[in-house]
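Here's entry-v3.cif, which has mmCIF, C-alpha atoms:
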data_start
#
loop_
_atom_site.label_atom_id
_atom_site.label_comp_id
_atom_site.auth_asym_id
_atom_site.auth_seq_id
_atom_site.Cartn_x
_atom_site.Cartn_y
_atom_site.Cartn_z
CA MET A 1 -67.50 1.38 24.91
CA ALA A 2 -63.99 -0.13 24.97
CA GLU A 3 -64.47 -1.49 21.44
CA ARG A 4 -65.60 1.91 20.20
CA ASP A 5 -62.53 3.54 21.80
CA LYS A 6 -60.30 0.97 20.09
CA ARG A 7 -61.88 1.69 16.72
CA ARG A 8 -61.33 5.39 17.27
CA THR A 9 -57.65 4.73 17.89
CA ASP A 10 -57.20 2.39 14.96
CA HIS A 11 -59.29 4.22 12.39
CA GLY A 12 -60.06 7.75 11.27
CA ASP A 13 -58.27 11.04 10.95
CA SER A 14 -57.58 12.93 14.18
CA ALA A 15 -57.58 16.17 12.17
CA VAL A 16 -61.23 15.53 11.34
CA ARG A 17 -61.96 15.03 15.01
CA ARG A 18 -60.28 18.34 15.85
CA ARG A 19 -62.32 20.12 13.15
CA LEU A 20 -65.53 18.74 14.62
CA LEU A 21 -64.56 19.89 18.12
CA ALA A 22 -63.61 23.36 16.86
CA ALA A 23 -66.84 23.72 14.88
CA ALA A 24 -68.98 22.58 17.81
CA THR A 25 -67.18 24.95 20.18
CA GLU A 26 -67.81 27.93 17.94
CA LEU A 27 -71.45 27.08 17.24
CA PHE A 28 -72.34 26.21 20.84
CA THR A 29 -70.79 29.48 22.02
CA VAL A 30 -72.40 31.72 19.39
CA LYS A 31 -75.80 30.05 18.93
CA GLY A 32 -76.18 28.08 22.15
CA TYR A 33 -76.25 24.33 22.68
CA ALA A 34 -79.97 23.83 22.09
CA ALA A 35 -80.08 25.93 18.92
CA THR A 36 -77.14 24.15 17.30
CA SER A 37 -77.92 21.13 15.14
CA VAL A 38 -75.72 18.19 14.17
CA ARG A 39 -76.16 19.26 10.57
CA GLU A 40 -74.64 22.69 11.30
CA ILE A 41 -71.69 21.15 13.13
CA VAL A 42 -70.80 18.72 10.34
CA GLU A 43 -71.26 21.38 7.65
CA ALA A 44 -68.92 23.75 9.52
CA ALA A 45 -66.38 20.95 9.94
CA GLY A 46 -66.71 19.84 6.32
CA VAL A 47 -67.68 16.24 7.10
CA SER A 48 -70.79 14.07 7.07
CA LYS A 49 -73.08 13.14 9.94
CA PRO A 50 -71.79 9.54 10.15
CA VAL A 51 -68.31 10.92 10.85
CA LEU A 52 -69.58 12.84 13.88
CA TYR A 53 -71.54 9.79 15.04
CA TYR A 54 -68.42 7.67 14.66
CA TRP A 55 -66.28 9.90 16.84
CA PHE A 56 -68.77 11.17 19.40
CA GLY A 57 -72.05 9.28 19.08
CA ASN A 58 -74.26 12.39 18.99
CA LYS A 59 -74.38 16.11 19.82
CA GLU A 60 -74.36 15.38 23.54
CA GLY A 61 -71.21 13.30 23.12
CA ILE A 62 -69.27 16.04 21.39
CA TYR A 63 -70.31 18.56 24.07
CA LEU A 64 -69.24 16.22 26.87
CA GLU A 65 -65.88 15.71 25.17
CA LEU A 66 -65.39 19.48 24.95
CA MET A 67 -66.02 19.85 28.67
CA THR A 68 -64.55 16.72 30.24
CA GLU A 69 -61.19 16.63 28.42
CA PRO A 70 -59.88 20.01 29.68
CA PHE A 71 -61.40 19.50 33.12
CA GLY A 72 -59.69 16.14 33.30
CA ARG A 73 -56.35 17.84 32.61
CA PHE A 74 -57.20 20.53 35.18
CA THR A 75 -57.99 17.96 37.88
CA ALA A 76 -54.79 16.03 37.18
CA MET A 77 -52.80 19.26 37.43
CA LEU A 78 -54.34 20.10 40.81
CA GLU A 79 -53.44 16.69 42.17
CA GLU A 80 -49.90 17.02 40.83
CA TYR A 81 -49.23 20.32 42.59
CA LEU A 82 -50.85 19.17 45.83
CA GLY A 83 -48.72 16.04 45.86
CA THR A 84 -45.40 17.66 44.91
CA ALA A 85 -42.70 18.54 47.44
CA GLY A 86 -41.11 21.97 47.59
CA SER A 87 -41.98 25.50 48.60
CA PRO A 88 -45.76 25.86 49.07
CA CYS A 89 -45.63 29.45 47.80
CA GLY A 90 -43.64 28.41 44.75
CA ARG A 91 -46.09 25.61 44.01
CA LEU A 92 -48.98 28.02 44.47
CA VAL A 93 -47.62 30.48 41.93
CA ASP A 94 -46.85 27.63 39.52
CA LEU A 95 -50.35 26.17 39.93
CA LEU A 96 -52.13 29.44 39.17
CA ASP A 97 -49.73 30.16 36.31
CA HIS A 98 -50.25 26.76 34.68
CA THR A 99 -54.02 26.93 35.21
CA LEU A 100 -54.03 30.21 33.31
CA MET A 101 -51.91 28.60 30.60
CA LEU A 102 -54.48 25.78 30.34
CA VAL A 103 -57.20 28.41 29.89
CA HIS A 104 -55.16 30.16 27.20
CA GLU A 105 -54.73 26.87 25.33
CA ASN A 106 -58.49 26.30 25.45
CA LEU A 107 -60.00 29.78 25.15
CA GLY A 108 -62.87 28.60 22.99
CA GLY A 109 -63.86 25.90 25.45
CA THR A 110 -63.55 28.31 28.39
CA ARG A 111 -65.81 30.86 26.69
CA LEU A 112 -68.29 28.06 26.01
CA MET A 113 -68.21 27.02 29.67
CA TYR A 114 -68.92 30.60 30.75
CA SER A 115 -71.81 30.94 28.28
CA ILE A 116 -73.36 27.69 29.54
CA TYR A 117 -72.88 28.47 33.23
CA TYR A 118 -73.84 32.16 33.23
CA GLY A 119 -76.30 32.15 30.33
CA PRO A 120 -79.92 31.04 30.19
CA PRO A 121 -80.67 27.29 30.35
CA GLN A 122 -79.78 25.63 27.07
CA GLY A 123 -80.57 21.99 27.76
CA ALA A 124 -76.89 21.02 27.69
CA PRO A 125 -75.82 17.90 29.62
CA PHE A 126 -75.02 18.69 33.24
CA ILE A 127 -71.40 19.46 34.11
CA ASP A 128 -70.57 20.19 37.75
CA PHE A 129 -68.73 23.45 37.08
CA GLU A 130 -69.16 24.52 40.70
CA GLY A 131 -67.57 21.28 41.89
CA TYR A 132 -64.47 21.93 39.80
CA HIS A 133 -64.29 25.48 41.13
CA ARG A 134 -64.58 24.27 44.72
CA HIS A 135 -61.77 21.81 44.01
CA PHE A 136 -59.67 24.74 42.77
CA GLN A 137 -60.45 26.75 45.91
CA ASP A 138 -59.57 23.79 48.13
CA ALA A 139 -56.21 23.38 46.37
CA ILE A 140 -55.35 27.04 46.96
CA ARG A 141 -56.44 26.78 50.61
CA LYS A 142 -54.27 23.70 51.12
CA LEU A 143 -51.17 25.33 49.67
CA VAL A 144 -51.77 28.49 51.72
CA SER A 145 -52.10 26.35 54.86
CA GLU A 146 -48.91 24.50 53.97
CA GLY A 147 -47.20 27.86 53.52
CA MET A 148 -48.20 28.82 57.05
CA GLU A 149 -47.01 25.51 58.46
CA ALA A 150 -43.69 25.89 56.64
CA GLY A 151 -43.19 29.38 58.04
CA GLU A 152 -43.39 31.03 54.58
CA LEU A 153 -46.68 32.78 55.31
CA ARG A 154 -47.89 34.41 58.47
CA SER A 155 -50.91 33.00 60.26
CA GLU A 156 -53.98 34.78 58.92
CA ASN A 157 -57.43 33.77 57.70
CA VAL A 158 -56.86 31.10 55.04
CA ASP A 159 -60.10 31.88 53.20
CA ASP A 160 -59.21 35.59 52.98
CA MET A 161 -55.86 34.71 51.41
CA MET A 162 -57.49 32.23 49.03
CA TRP A 163 -60.02 34.79 47.77
CA ILE A 164 -57.35 37.44 47.27
CA LEU A 165 -55.19 35.06 45.23
CA LEU A 166 -58.23 33.86 43.29
CA GLY A 167 -59.11 37.49 42.61
CA VAL A 168 -55.74 38.10 40.96
CA PHE A 169 -56.18 34.92 38.93
CA ASN A 170 -59.71 35.87 37.82
CA VAL A 171 -58.60 39.32 36.62
CA ALA A 172 -55.92 37.65 34.49
CA LEU A 173 -58.47 35.08 33.29
CA GLU A 174 -60.86 37.80 32.15
CA GLU A 175 -58.01 39.49 30.29
CA GLN A 176 -57.46 36.25 28.41
CA LEU A 177 -61.15 35.78 27.61
CA CYS A 178 -61.75 39.40 26.56
CA GLY A 179 -58.53 39.82 24.60
CA ARG A 180 -58.73 40.65 20.90
CA PRO A 181 -56.16 39.82 18.20
CA ASP A 182 -55.74 43.54 17.47
CA ARG A 183 -55.13 44.50 21.11
CA PRO A 184 -52.22 43.26 23.22
CA ARG A 185 -53.29 41.68 26.48
CA GLY A 186 -52.75 43.84 29.54
CA ILE A 187 -51.68 40.88 31.67
CA ASP A 188 -49.41 38.15 30.38
CA ARG A 189 -48.05 35.10 32.21
CA GLU A 190 -45.03 37.02 33.46
CA GLY A 191 -47.33 39.73 34.80
CA VAL A 192 -49.50 37.19 36.62
CA ARG A 193 -46.49 35.59 38.29
CA ARG A 194 -45.19 39.04 39.24
CA MET A 195 -48.51 40.05 40.82
CA LEU A 196 -48.92 36.76 42.66
CA THR A 197 -45.40 37.04 44.04
CA LEU A 198 -46.18 40.60 45.15
CA VAL A 199 -49.35 39.47 46.93
CA LEU A 200 -47.57 36.57 48.61
CA SER A 201 -44.80 38.88 49.81
CA GLY A 202 -47.53 40.76 51.69
CA PHE A 203 -48.64 37.47 53.23
CA ALA A 204 -45.07 36.55 54.16
CA ALA A 205 -44.25 35.57 57.73
CA ARG A 206 -42.89 38.46 59.80
CA THR A 207 -39.83 38.34 62.00
CA ALA A 208 -40.03 39.06 65.73
CA ASP A 209 -38.51 42.51 65.13
CA GLU A 210 -41.13 43.32 62.49
CA VAL A 211 -43.93 42.24 64.83
CA GLU A 212 -42.59 44.51 67.60
CA ARG A 213 -42.43 47.47 65.24
#
Written as structure tokens, how would this file's structure read?
Amino acid sequence: MAERDKRRTDHGDSAVRRRLLAAATELFTVKGYAATSVREIVEAAGVSKPVLYYWFGNKEGIYLELMTEPFGRFTAMLEEYLGTAGSPCGRLVDLLDHTLMLVHENLGGTRLMYSIYYGPPQGAPFIDFEGYHRHFQDAIRKLVSEGMEAGELRSENVDDMMWILLGVFNVALEEQLCGRPDRPRGIDREGVRRMLTLVLSGFAARTADEVER
């Protein structure tokens, strides 16, 4: 495996690799994983079968690359925000904002993930989508809990807060996925940050005078 990775670094055109990934993403999303052949992928990418085999080994390999690369970036981002100092609420808004940005940068792959997870079985290699989502939920919970400990948020049910914040994020996510080139998106990154800040202001810790009132 290490030798193959070295050859991939030392030889070949990365633009070809990107064309293969783009073609596979489109075909897997439109036709389904099982119904898509290697021949269709290489024809759409304008290359030969040996080129796909060189970069990815087979159809399963190109699918796994499409899924694991963005999820690897997502996992690294979660760990970064959980391990960074600073305002928990600020980090929470930044985390959700940058997760949405990651989705926007990989809309094709995100639509493919949704079609695999919510669609009928297609025989695609197993990816633990639910595990990644639980990791996301846990990160939000942790930052909410830190916000309570820091006195930024009042003490309430952590899960309730997590689901509310995730609800705002999911609405913005669906706007990204359903957006069309001829229609401006109803929620942009600035709008997401504004809504999250508004929600968190409702979660904010109350002063003694506010509690008495």
- prompt: Nearest to A:Ala204 among A:Asp138, A:Glu152, A:Asp160, A:Asp13, with distances taken over only C-alpha atoms: which residue is it?
  reply: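 Closest residue, counting only C-alpha atoms: A:Glu152.
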All residues 7 Å or closer to A:Val158, all atoms listed in the file, same chain fewer than 2 positions away omitted, as an mmCIF file with C-alpha atoms, keeping the file's coordinate frame:
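Produced file part15.cif, reproduced below:
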data_model
loop_
_atom_site.group_PDB
_atom_site.id
_atom_site.type_symbol
_atom_site.label_atom_id
_atom_site.label_comp_id
_atom_site.auth_asym_id
_atom_site.auth_seq_id
_atom_site.Cartn_x
_atom_site.Cartn_y
_atom_site.Cartn_z
ATOM 1 C CA ARG A 141 -56.440 26.780 50.610
ATOM 2 C CA VAL A 144 -51.770 28.490 51.720
ATOM 3 C CA SER A 145 -52.100 26.350 54.860
ATOM 4 C CA GLU A 156 -53.980 34.780 58.920
ATOM 5 C CA ASP A 160 -59.210 35.590 52.980
ATOM 6 C CA MET A 161 -55.860 34.710 51.410
ATOM 7 C CA MET A 162 -57.490 32.230 49.030
#
query: When the PyMOL selection byres ((chain A and resi 169) around 9) is applied to the file above, which residues end up in the set, as an MDAnalysis selection string?
result: chainID A and resid 96:97 100 164:168 170:174 192 196
message: Since I can't run it myself right now, could you work out what the PyMOL selection byres ((chain A and resi 31) around 12) selects here and report it as a PyMOL selection string?
response: chain A and resi 23-30+32-37+40-41+112+115-116+119+122
Put those residues in a file: C-alpha atoms, as a compact mmCIF listing (two decimals), in the coordinates of the input.
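That gives us part-v4.txt:
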# COMPACT_ATOMS: atom_id res chain seq x y z
CA ALA A 23 -66.84 23.72 14.88
CA ALA A 24 -68.98 22.58 17.81
CA THR A 25 -67.18 24.95 20.18
CA GLU A 26 -67.81 27.93 17.94
CA LEU A 27 -71.45 27.08 17.24
CA PHE A 28 -72.34 26.21 20.84
CA THR A 29 -70.79 29.48 22.02
CA VAL A 30 -72.40 31.72 19.39
CA GLY A 32 -76.18 28.08 22.15
CA TYR A 33 -76.25 24.33 22.68
CA ALA A 34 -79.97 23.83 22.09
CA ALA A 35 -80.08 25.93 18.92
CA THR A 36 -77.14 24.15 17.30
CA SER A 37 -77.92 21.13 15.14
CA GLU A 40 -74.64 22.69 11.30
CA ILE A 41 -71.69 21.15 13.13
CA LEU A 112 -68.29 28.06 26.01
CA SER A 115 -71.81 30.94 28.28
CA ILE A 116 -73.36 27.69 29.54
CA GLY A 119 -76.30 32.15 30.33
CA GLN A 122 -79.78 25.63 27.07
field: A:Tyr132 environment, 8 Å, all atoms listed in the file, sequence neighbours closer than 4 positions dropped, as a list of chain:residue names
entry: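 Answer for this query is A:Phe71, A:Thr75, A:Asp128, A:Phe136.
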Output of the PyMOL selection byres ((chain A and resi 93) around 10), listed as a list in words: Pro88, Cys89, Gly90, Arg91, Leu92, Asp94, Leu95, Leu96, Asp97, His98, Thr99, Ile140, Leu143, Leu165, Val192, Arg193, Arg194, Met195, Leu196, Thr197 and Leu200 of chain A
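Residue nearest A:Val51 within the list A:Val16, A:Leu107, A:Cys178, A:Leu21: A:Val16 [criterion: smallest interatomic distance, all atoms listed in the file].
The nearest approach to A:Val199 among the residues A:Val103, A:Leu177, A:Glu149, A:Trp163, with only C-alpha atoms taken into account, belongs to A:Trp163.
Between atom CA of A:Pro50 and atom CA of A:Pro121 the interatomic distance comes to 28.3 Å.
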Atoms added to stretch 37-67 of chain A (N, CA and C atoms), reported as a PDB file, in the coordinates of the input:
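Just written: part-v7.pdb:
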ATOM      1  N   SER A  37     -77.554  22.460  15.633  1.00  0.00           N
ATOM      2  CA  SER A  37     -77.920  21.130  15.140  1.00  0.00           C
ATOM      3  C   SER A  37     -76.672  20.350  14.732  1.00  0.00           C
ATOM      4  N   VAL A  38     -76.807  19.040  14.681  1.00  0.00           N
ATOM      5  CA  VAL A  38     -75.720  18.190  14.170  1.00  0.00           C
ATOM      6  C   VAL A  38     -75.380  18.581  12.745  1.00  0.00           C
ATOM      7  N   ARG A  39     -76.397  18.880  11.965  1.00  0.00           N
ATOM      8  CA  ARG A  39     -76.160  19.260  10.570  1.00  0.00           C
ATOM      9  C   ARG A  39     -75.241  20.477  10.480  1.00  0.00           C
ATOM     10  N   GLU A  40     -75.477  21.484  11.329  1.00  0.00           N
ATOM     11  CA  GLU A  40     -74.640  22.690  11.300  1.00  0.00           C
ATOM     12  C   GLU A  40     -73.206  22.370  11.705  1.00  0.00           C
ATOM     13  N   ILE A  41     -73.041  21.500  12.679  1.00  0.00           N
ATOM     14  CA  ILE A  41     -71.690  21.150  13.130  1.00  0.00           C
ATOM     15  C   ILE A  41     -70.911  20.471  12.011  1.00  0.00           C
ATOM     16  N   VAL A  42     -71.534  19.473  11.370  1.00  0.00           N
ATOM     17  CA  VAL A  42     -70.800  18.720  10.340  1.00  0.00           C
ATOM     18  C   VAL A  42     -70.553  19.589   9.110  1.00  0.00           C
ATOM     19  N   GLU A  43     -71.483  20.482   8.786  1.00  0.00           N
ATOM     20  CA  GLU A  43     -71.260  21.380   7.650  1.00  0.00           C
ATOM     21  C   GLU A  43     -70.088  22.314   7.933  1.00  0.00           C
ATOM     22  N   ALA A  44     -70.028  22.851   9.170  1.00  0.00           N
ATOM     23  CA  ALA A  44     -68.920  23.750   9.520  1.00  0.00           C
ATOM     24  C   ALA A  44     -67.592  23.014   9.535  1.00  0.00           C
ATOM     25  N   ALA A  45     -67.623  21.740   9.894  1.00  0.00           N
ATOM     26  CA  ALA A  45     -66.380  20.950   9.940  1.00  0.00           C
ATOM     27  C   ALA A  45     -66.033  20.350   8.588  1.00  0.00           C
ATOM     28  N   GLY A  46     -66.961  20.387   7.644  1.00  0.00           N
ATOM     29  CA  GLY A  46     -66.710  19.840   6.320  1.00  0.00           C
ATOM     30  C   GLY A  46     -66.712  18.321   6.269  1.00  0.00           C
ATOM     31  N   VAL A  47     -67.579  17.700   7.080  1.00  0.00           N
ATOM     32  CA  VAL A  47     -67.680  16.240   7.100  1.00  0.00           C
ATOM     33  C   VAL A  47     -69.152  15.852   7.046  1.00  0.00           C
ATOM     34  N   SER A  48     -69.423  14.562   7.096  1.00  0.00           N
ATOM     35  CA  SER A  48     -70.790  14.070   7.070  1.00  0.00           C
ATOM     36  C   SER A  48     -71.242  13.671   8.470  1.00  0.00           C
ATOM     37  N   LYS A  49     -72.545  13.519   8.636  1.00  0.00           N
ATOM     38  CA  LYS A  49     -73.080  13.140   9.940  1.00  0.00           C
ATOM     39  C   LYS A  49     -72.499  11.826  10.468  1.00  0.00           C
ATOM     40  N   PRO A  50     -72.367  10.783   9.624  1.00  0.00           N
ATOM     41  CA  PRO A  50     -71.790   9.540  10.150  1.00  0.00           C
ATOM     42  C   PRO A  50     -70.405   9.708  10.771  1.00  0.00           C
ATOM     43  N   VAL A  51     -69.642  10.687  10.280  1.00  0.00           N
ATOM     44  CA  VAL A  51     -68.310  10.920  10.850  1.00  0.00           C
ATOM     45  C   VAL A  51     -68.445  11.419  12.287  1.00  0.00           C
ATOM     46  N   LEU A  52     -69.361  12.365  12.509  1.00  0.00           N
ATOM     47  CA  LEU A  52     -69.580  12.840  13.880  1.00  0.00           C
ATOM     48  C   LEU A  52     -70.074  11.706  14.774  1.00  0.00           C
ATOM     49  N   TYR A  53     -71.019  10.900  14.242  1.00  0.00           N
ATOM     50  CA  TYR A  53     -71.540   9.790  15.040  1.00  0.00           C
ATOM     51  C   TYR A  53     -70.436   8.783  15.367  1.00  0.00           C
ATOM     52  N   TYR A  54     -69.516   8.609  14.437  1.00  0.00           N
ATOM     53  CA  TYR A  54     -68.420   7.670  14.660  1.00  0.00           C
ATOM     54  C   TYR A  54     -67.538   8.112  15.817  1.00  0.00           C
ATOM     55  N   TRP A  55     -67.200   9.407  15.827  1.00  0.00           N
ATOM     56  CA  TRP A  55     -66.280   9.900  16.840  1.00  0.00           C
ATOM     57  C   TRP A  55     -66.945  10.164  18.176  1.00  0.00           C
ATOM     58  N   PHE A  56     -68.177  10.681  18.156  1.00  0.00           N
ATOM     59  CA  PHE A  56     -68.770  11.170  19.400  1.00  0.00           C
ATOM     60  C   PHE A  56     -70.147  10.584  19.724  1.00  0.00           C
ATOM     61  N   GLY A  57     -70.744   9.887  18.823  1.00  0.00           N
ATOM     62  CA  GLY A  57     -72.050   9.280  19.080  1.00  0.00           C
ATOM     63  C   GLY A  57     -73.212  10.191  18.754  1.00  0.00           C
ATOM     64  N   ASN A  58     -73.189  11.432  19.242  1.00  0.00           N
ATOM     65  CA  ASN A  58     -74.260  12.390  18.990  1.00  0.00           C
ATOM     66  C   ASN A  58     -73.806  13.780  19.444  1.00  0.00           C
ATOM     67  N   LYS A  59     -74.727  14.738  19.415  1.00  0.00           N
ATOM     68  CA  LYS A  59     -74.380  16.110  19.820  1.00  0.00           C
ATOM     69  C   LYS A  59     -73.990  16.160  21.294  1.00  0.00           C
ATOM     70  N   GLU A  60     -74.699  15.419  22.120  1.00  0.00           N
ATOM     71  CA  GLU A  60     -74.360  15.380  23.540  1.00  0.00           C
ATOM     72  C   GLU A  60     -72.939  14.876  23.754  1.00  0.00           C
ATOM     73  N   GLY A  61     -72.544  13.869  22.977  1.00  0.00           N
ATOM     74  CA  GLY A  61     -71.210  13.300  23.120  1.00  0.00           C
ATOM     75  C   GLY A  61     -70.106  14.289  22.789  1.00  0.00           C
ATOM     76  N   ILE A  62     -70.316  15.083  21.757  1.00  0.00           N
ATOM     77  CA  ILE A  62     -69.270  16.040  21.390  1.00  0.00           C
ATOM     78  C   ILE A  62     -69.191  17.159  22.438  1.00  0.00           C
ATOM     79  N   TYR A  63     -70.320  17.557  23.000  1.00  0.00           N
ATOM     80  CA  TYR A  63     -70.310  18.560  24.070  1.00  0.00           C
ATOM     81  C   TYR A  63     -69.585  18.031  25.312  1.00  0.00           C
ATOM     82  N   LEU A  64     -69.889  16.802  25.696  1.00  0.00           N
ATOM     83  CA  LEU A  64     -69.240  16.220  26.870  1.00  0.00           C
ATOM     84  C   LEU A  64     -67.741  16.100  26.668  1.00  0.00           C
ATOM     85  N   GLU A  65     -67.321  15.785  25.449  1.00  0.00           N
ATOM     86  CA  GLU A  65     -65.880  15.710  25.170  1.00  0.00           C
ATOM     87  C   GLU A  65     -65.238  17.085  25.322  1.00  0.00           C
ATOM     88  N   LEU A  66     -65.921  18.125  24.841  1.00  0.00           N
ATOM     89  CA  LEU A  66     -65.390  19.480  24.950  1.00  0.00           C
ATOM     90  C   LEU A  66     -65.200  19.910  26.399  1.00  0.00           C
ATOM     91  N   MET A  67     -66.083  19.453  27.275  1.00  0.00           N
ATOM     92  CA  MET A  67     -66.020  19.850  28.670  1.00  0.00           C
ATOM     93  C   MET A  67     -65.113  18.949  29.507  1.00  0.00           C
TER      94      MET A  67
END
